[in-house]
>>> print(open('final-v6.txt').read())   # compact mmCIF, N, CA and C atoms
# COMPACT_ATOMS: atom_id res chain seq x y z
N SER Z 1 15.52 20.06 17.18
CA SER Z 1 16.08 21.27 16.59
C SER Z 1 15.27 22.49 17.03
N ILE Z 2 15.98 23.55 17.35
CA ILE Z 2 15.38 24.83 17.68
C ILE Z 2 16.11 25.88 16.86
N GLU Z 3 15.32 26.54 15.98
CA GLU Z 3 15.92 27.53 15.09
C GLU Z 3 17.06 26.88 14.32
N ARG Z 4 18.26 27.40 14.49
CA ARG Z 4 19.42 26.88 13.75
C ARG Z 4 20.21 25.85 14.55
N PHE Z 5 19.80 25.60 15.77
CA PHE Z 5 20.51 24.65 16.63
C PHE Z 5 19.89 23.26 16.55
N ASN Z 6 20.72 22.25 16.70
CA ASN Z 6 20.22 20.88 16.83
C ASN Z 6 21.01 20.18 17.93
N LEU Z 7 20.31 19.36 18.67
CA LEU Z 7 20.89 18.69 19.83
C LEU Z 7 20.52 17.22 19.79
N ASN Z 8 21.50 16.38 20.07
CA ASN Z 8 21.25 14.95 20.19
C ASN Z 8 21.89 14.48 21.50
N LEU Z 9 21.07 13.96 22.39
CA LEU Z 9 21.53 13.45 23.67
C LEU Z 9 21.12 11.99 23.76
N ALA Z 10 22.09 11.12 24.03
CA ALA Z 10 21.79 9.69 24.14
C ALA Z 10 22.35 9.15 25.44
N LEU Z 11 21.51 8.46 26.19
CA LEU Z 11 21.92 7.78 27.41
C LEU Z 11 21.79 6.28 27.18
N THR Z 12 22.86 5.56 27.41
CA THR Z 12 22.86 4.12 27.22
C THR Z 12 23.27 3.45 28.52
N ARG Z 13 22.47 2.49 28.95
CA ARG Z 13 22.81 1.74 30.16
C ARG Z 13 23.32 0.38 29.75
N TYR Z 14 24.52 0.07 30.21
CA TYR Z 14 25.09 -1.25 30.00
C TYR Z 14 24.95 -2.01 31.31
N GLY Z 15 24.30 -3.15 31.26
CA GLY Z 15 24.05 -3.94 32.46
C GLY Z 15 25.32 -4.59 32.99
N ALA Z 16 25.20 -5.16 34.18
CA ALA Z 16 26.33 -5.86 34.79
C ALA Z 16 26.73 -7.05 33.93
N TYR Z 17 27.99 -7.40 33.99
CA TYR Z 17 28.47 -8.55 33.24
C TYR Z 17 29.58 -9.24 34.01
N LYS Z 18 29.82 -10.48 33.64
CA LYS Z 18 30.83 -11.29 34.31
C LYS Z 18 31.88 -11.72 33.29
N GLU Z 19 33.13 -11.56 33.66
CA GLU Z 19 34.24 -12.01 32.82
C GLU Z 19 34.77 -13.28 33.46
N VAL Z 20 34.58 -14.40 32.77
CA VAL Z 20 34.98 -15.70 33.31
C VAL Z 20 36.43 -15.96 32.95
N ASN Z 21 37.23 -16.29 33.96
CA ASN Z 21 38.64 -16.59 33.75
C ASN Z 21 38.78 -17.91 33.01
N SER Z 22 39.81 -18.03 32.19
CA SER Z 22 39.99 -19.24 31.38
C SER Z 22 40.46 -20.44 32.20
N SER Z 23 40.94 -20.21 33.41
CA SER Z 23 41.37 -21.34 34.24
C SER Z 23 40.17 -21.92 34.99
N ALA Z 24 40.39 -23.01 35.66
CA ALA Z 24 39.32 -23.64 36.44
C ALA Z 24 39.07 -22.92 37.76
N ASN Z 25 39.91 -21.96 38.10
CA ASN Z 25 39.80 -21.23 39.36
C ASN Z 25 38.76 -20.11 39.22
N ARG Z 26 37.55 -20.35 39.72
CA ARG Z 26 36.47 -19.37 39.60
C ARG Z 26 36.69 -18.14 40.48
N ASP Z 27 37.64 -18.20 41.41
CA ASP Z 27 37.97 -17.02 42.22
C ASP Z 27 38.57 -15.91 41.38
N LEU Z 28 39.05 -16.27 40.20
CA LEU Z 28 39.65 -15.28 39.30
C LEU Z 28 38.62 -14.63 38.38
N ASP Z 29 37.37 -15.11 38.41
CA ASP Z 29 36.31 -14.48 37.62
C ASP Z 29 36.09 -13.06 38.13
N ARG Z 30 35.73 -12.14 37.25
CA ARG Z 30 35.50 -10.74 37.62
C ARG Z 30 34.07 -10.35 37.28
N VAL Z 31 33.43 -9.64 38.20
CA VAL Z 31 32.07 -9.14 37.97
C VAL Z 31 32.14 -7.62 37.90
N TYR Z 32 31.52 -7.07 36.87
CA TYR Z 32 31.51 -5.62 36.65
C TYR Z 32 30.07 -5.12 36.74
N GLY Z 33 29.87 -4.02 37.45
CA GLY Z 33 28.54 -3.46 37.64
C GLY Z 33 28.05 -2.70 36.42
N ALA Z 34 26.76 -2.39 36.45
CA ALA Z 34 26.13 -1.63 35.37
C ALA Z 34 26.69 -0.20 35.33
N LYS Z 35 26.71 0.39 34.13
CA LYS Z 35 27.19 1.76 33.95
C LYS Z 35 26.30 2.48 32.94
N TRP Z 36 26.20 3.79 33.12
CA TRP Z 36 25.50 4.66 32.18
C TRP Z 36 26.54 5.41 31.35
N ILE Z 37 26.33 5.46 30.04
CA ILE Z 37 27.21 6.20 29.13
C ILE Z 37 26.37 7.30 28.48
N THR Z 38 26.90 8.52 28.46
CA THR Z 38 26.20 9.67 27.90
C THR Z 38 26.92 10.17 26.66
N ASP Z 39 26.19 10.29 25.56
CA ASP Z 39 26.71 10.87 24.32
C ASP Z 39 25.95 12.16 24.05
N LEU Z 40 26.65 13.18 23.58
CA LEU Z 40 26.04 14.49 23.34
C LEU Z 40 26.60 15.09 22.06
N ASP Z 41 25.72 15.66 21.25
CA ASP Z 41 26.13 16.32 20.01
C ASP Z 41 25.31 17.60 19.88
N LEU Z 42 25.98 18.74 19.79
CA LEU Z 42 25.31 20.03 19.64
C LEU Z 42 25.79 20.68 18.35
N GLY Z 43 24.85 20.96 17.46
CA GLY Z 43 25.20 21.53 16.16
C GLY Z 43 24.52 22.86 15.91
N TYR Z 44 25.09 23.60 14.98
CA TYR Z 44 24.55 24.89 14.58
C TYR Z 44 24.61 24.98 13.07
N ASN Z 45 23.47 25.28 12.43
CA ASN Z 45 23.41 25.42 10.98
C ASN Z 45 23.88 26.81 10.58
N LEU Z 46 25.07 26.88 10.01
CA LEU Z 46 25.61 28.16 9.54
C LEU Z 46 24.86 28.64 8.31
N SER Z 47 24.39 27.69 7.51
CA SER Z 47 23.58 27.99 6.32
C SER Z 47 22.71 26.77 6.05
N LYS Z 48 22.00 26.78 4.93
CA LYS Z 48 21.14 25.66 4.57
C LYS Z 48 21.96 24.37 4.41
N ASN Z 49 23.18 24.49 3.95
CA ASN Z 49 23.99 23.31 3.65
C ASN Z 49 25.17 23.09 4.61
N LEU Z 50 25.47 24.04 5.47
CA LEU Z 50 26.68 23.97 6.29
C LEU Z 50 26.33 23.92 7.78
N ASN Z 51 26.87 22.92 8.45
CA ASN Z 51 26.62 22.73 9.88
C ASN Z 51 27.95 22.53 10.60
N VAL Z 52 28.07 23.14 11.76
CA VAL Z 52 29.23 22.93 12.63
C VAL Z 52 28.71 22.33 13.93
N ALA Z 53 29.47 21.39 14.49
CA ALA Z 53 29.01 20.71 15.71
C ALA Z 53 30.18 20.39 16.63
N VAL Z 54 29.86 20.29 17.89
CA VAL Z 54 30.80 19.78 18.90
C VAL Z 54 30.08 18.66 19.63
N GLY Z 55 30.84 17.70 20.09
CA GLY Z 55 30.18 16.60 20.76
C GLY Z 55 31.11 15.74 21.56
N ALA Z 56 30.52 14.75 22.17
CA ALA Z 56 31.28 13.81 22.99
C ALA Z 56 30.60 12.44 22.97
N LYS Z 57 31.40 11.43 22.85
CA LYS Z 57 30.98 10.05 23.08
C LYS Z 57 31.55 9.69 24.44
N ASN Z 58 30.72 9.21 25.33
CA ASN Z 58 31.12 8.93 26.71
C ASN Z 58 31.55 10.24 27.38
N LEU Z 59 30.63 11.18 27.41
CA LEU Z 59 30.86 12.54 27.90
C LEU Z 59 31.53 12.60 29.27
N PHE Z 60 31.14 11.74 30.17
CA PHE Z 60 31.65 11.80 31.54
C PHE Z 60 32.83 10.87 31.79
N ASP Z 61 33.45 10.40 30.69
CA ASP Z 61 34.72 9.65 30.76
C ASP Z 61 34.61 8.42 31.66
N VAL Z 62 33.58 7.60 31.43
CA VAL Z 62 33.33 6.41 32.25
C VAL Z 62 34.21 5.25 31.78
N TYR Z 63 34.83 4.58 32.74
CA TYR Z 63 35.66 3.40 32.48
C TYR Z 63 35.08 2.21 33.23
N PRO Z 64 35.41 1.00 32.78
CA PRO Z 64 35.04 -0.15 33.60
C PRO Z 64 35.86 -0.14 34.89
N LYS Z 65 35.39 -0.86 35.88
CA LYS Z 65 36.13 -0.97 37.14
C LYS Z 65 37.46 -1.67 36.87
N LYS Z 66 38.52 -1.18 37.48
CA LYS Z 66 39.82 -1.86 37.34
C LYS Z 66 39.72 -3.21 38.03
N GLN Z 67 40.42 -4.18 37.48
CA GLN Z 67 40.32 -5.53 38.02
C GLN Z 67 41.27 -5.79 39.18
N GLY Z 68 42.13 -4.86 39.52
CA GLY Z 68 42.99 -5.01 40.68
C GLY Z 68 44.33 -5.64 40.39
N ILE Z 69 44.41 -6.38 39.28
CA ILE Z 69 45.69 -6.96 38.88
C ILE Z 69 45.90 -6.65 37.41
N PRO Z 70 47.14 -6.47 36.97
CA PRO Z 70 47.37 -6.22 35.54
C PRO Z 70 46.93 -7.41 34.71
N SER Z 71 46.62 -7.16 33.46
CA SER Z 71 46.26 -8.25 32.56
C SER Z 71 47.49 -9.12 32.31
N SER Z 72 47.28 -10.28 31.73
CA SER Z 72 48.39 -11.19 31.47
C SER Z 72 49.42 -10.58 30.52
N THR Z 73 48.99 -9.62 29.71
CA THR Z 73 49.93 -8.96 28.80
C THR Z 73 50.60 -7.77 29.46
N MET Z 74 50.19 -7.46 30.70
CA MET Z 74 50.74 -6.33 31.47
C MET Z 74 50.47 -4.98 30.79
N VAL Z 75 49.48 -4.94 29.90
CA VAL Z 75 49.16 -3.72 29.16
C VAL Z 75 48.07 -2.92 29.85
N SER Z 76 47.12 -3.56 30.47
CA SER Z 76 45.95 -2.87 30.99
C SER Z 76 45.56 -3.38 32.37
N SER Z 77 45.03 -2.49 33.18
CA SER Z 77 44.49 -2.89 34.49
C SER Z 77 43.02 -3.26 34.40
N TYR Z 78 42.46 -3.17 33.19
CA TYR Z 78 41.06 -3.50 32.97
C TYR Z 78 40.95 -4.93 32.48
N GLY Z 79 39.76 -5.48 32.56
CA GLY Z 79 39.53 -6.83 32.07
C GLY Z 79 39.69 -6.90 30.56
N THR Z 80 39.46 -8.08 30.03
CA THR Z 80 39.62 -8.31 28.60
C THR Z 80 38.45 -7.76 27.80
N TYR Z 81 37.27 -7.73 28.39
CA TYR Z 81 36.06 -7.34 27.67
C TYR Z 81 35.36 -6.17 28.37
N SER Z 82 34.74 -5.32 27.59
CA SER Z 82 33.89 -4.26 28.13
C SER Z 82 32.92 -3.85 27.03
N PRO Z 83 31.63 -3.78 27.32
CA PRO Z 83 30.67 -3.41 26.29
C PRO Z 83 30.83 -1.97 25.81
N TYR Z 84 31.51 -1.12 26.58
CA TYR Z 84 31.67 0.28 26.19
C TYR Z 84 33.13 0.68 26.06
N GLY Z 85 34.02 -0.28 25.99
CA GLY Z 85 35.43 0.00 25.73
C GLY Z 85 36.23 0.39 26.95
N PHE Z 86 37.51 0.71 26.71
CA PHE Z 86 38.46 1.03 27.77
C PHE Z 86 39.09 2.39 27.56
N THR Z 87 38.60 3.16 26.60
CA THR Z 87 39.29 4.39 26.22
C THR Z 87 38.68 5.65 26.81
N GLY Z 88 37.60 5.53 27.56
CA GLY Z 88 37.00 6.71 28.18
C GLY Z 88 36.32 7.60 27.16
N GLY Z 89 36.31 8.91 27.46
CA GLY Z 89 35.61 9.88 26.63
C GLY Z 89 36.31 10.17 25.31
N TYR Z 90 35.51 10.53 24.32
CA TYR Z 90 35.99 10.92 23.00
C TYR Z 90 35.27 12.22 22.66
N TYR Z 91 36.04 13.27 22.39
CA TYR Z 91 35.47 14.60 22.17
C TYR Z 91 35.84 15.07 20.78
N TYR Z 92 34.93 15.78 20.12
CA TYR Z 92 35.18 16.13 18.72
C TYR Z 92 34.51 17.43 18.32
N THR Z 93 34.97 17.95 17.20
CA THR Z 93 34.28 19.01 16.46
C THR Z 93 34.05 18.47 15.06
N ARG Z 94 33.02 18.96 14.40
CA ARG Z 94 32.68 18.45 13.07
C ARG Z 94 32.13 19.58 12.22
N LEU Z 95 32.54 19.60 10.99
CA LEU Z 95 32.00 20.54 10.01
C LEU Z 95 31.41 19.70 8.88
N THR Z 96 30.12 19.91 8.58
CA THR Z 96 29.43 19.12 7.58
C THR Z 96 28.87 20.02 6.49
N TYR Z 97 29.09 19.62 5.24
CA TYR Z 97 28.50 20.34 4.12
C TYR Z 97 27.67 19.34 3.32
N ALA Z 98 26.40 19.65 3.09
CA ALA Z 98 25.50 18.79 2.31
C ALA Z 98 25.40 19.33 0.89
N PHE Z 99 25.73 18.51 -0.09
CA PHE Z 99 25.68 18.92 -1.50
C PHE Z 99 24.27 18.84 -2.04
>>> encode(input="final-v6.txt", output="structure tokens")
Amino acid sequence: SIERFNLNLALTRYGAYKEVNSSANRDLDRVYGAKWITDLDLGYNLSKNLNVAVGAKNLFDVYPKKQGIPSSTMVSSYGTYSPYGFTGGYYYTRLTYAF
């Protein structure tokens, strides 16, 4: 915090992972590389009890690598699992009042 401002920056590294196909064909297994996810929250204290903030979860809109073929449900081009999800960035504003 500096004066009335507060900042929270978080960098999270998700390591490489392997998605094993349910069939016996190991050629269908998928390997995904490591990724960095950045979260940022910047707030300003309007008063002792009131804070306004803007922020982002997954600031740089990082997605897992596409698997090259649609999923069996034909819903997604991404694998079944991802430690950081499939939805990309999430951006918000927040108003907080402390009683």
>>> closest_residue(input="final-v6.txt", among="Z:Tyr44, Z:Tyr32, Z:Tyr14, Z:Phe60", to="Gly89 of chain Z", atoms="all atoms listed in the file")
Z:Phe60
>>> axis_aligned_box(input="final-v6.txt", around="segment 30-43 of chain Z", padding_each_side="6 Å", output="AutoDock Vina command-line options")
--center_x 30.1 --center_y 5.4 --center_z 27.1 --size_x 23.2 --size_y 47.0 --size_z 34.3
>>> atom_distance(input="final-v6.txt", atom1="atom CA of Gly88 of chain Z", atom2="atom CA of Tyr63 of chain Z")
5.6 Å
>>> closest_residue(input="final-v6.txt", among="Z:Tyr78, Z:Asn51, Z:Gly43, Z:Lys65", to="Asn6 of chain Z", atoms="all atoms listed in the file")
Z:Gly43
>>> residues_around(input="final-v6.txt", residues="Ser47 of chain Z", least_positions_apart="4", cutoff="12 Å", atoms="only C-alpha atoms", output="ChimeraX atom specification")
/Z:3-5,43,51-52,95-98
>>> select_by_dssp(input="final-v6.txt", residues="chain Z", states="strand (DSSP E)", output="ChimeraX atom specification")
/Z:5-14,17-19,30-32,35-45,50-57,90-97
>>> closest_residue(input="final-v6.txt", among="Z:Ala16, Z:Ala56, Z:Leu28, Z:Val62", to="Asp41 of chain Z", atoms="only C-alpha atoms")
Z:Ala56
>>> atom_distance(input="final-v6.txt", atom1="atom N of Val31 of chain Z", atom2="atom CA of Tyr17 of chain Z")
7.1 Å
>>> residues_around(input="final-v6.txt", residues="Leu9 of chain Z", least_positions_apart="2", cutoff="6 Å", atoms="all atoms listed in the file", output="PyMOL selection string")
chain Z and resi 7+11+39-41
>>> closest_residue(input="final-v6.txt", among="Z:Lys57, Z:Pro64, Z:Ser1, Z:Tyr81", to="Asn21 of chain Z", atoms="only C-alpha atoms")
Z:Tyr81
>>> closest_residue(input="final-v6.txt", among="Z:Asn58, Z:Leu42, Z:Ala10, Z:Phe99", to="Phe86 of chain Z", atoms="only C-alpha atoms")
Z:Asn58
>>> closest_residue(input="final-v6.txt", among="Z:Gly85, Z:Ile2, Z:Gly79, Z:Ala34", to="Gln67 of chain Z", atoms="all atoms listed in the file")
Z:Gly79
>>> atom_distance(input="final-v6.txt", atom1="atom CA of Leu46 of chain Z", atom2="atom C of Tyr91 of chain Z")
20.1 Å
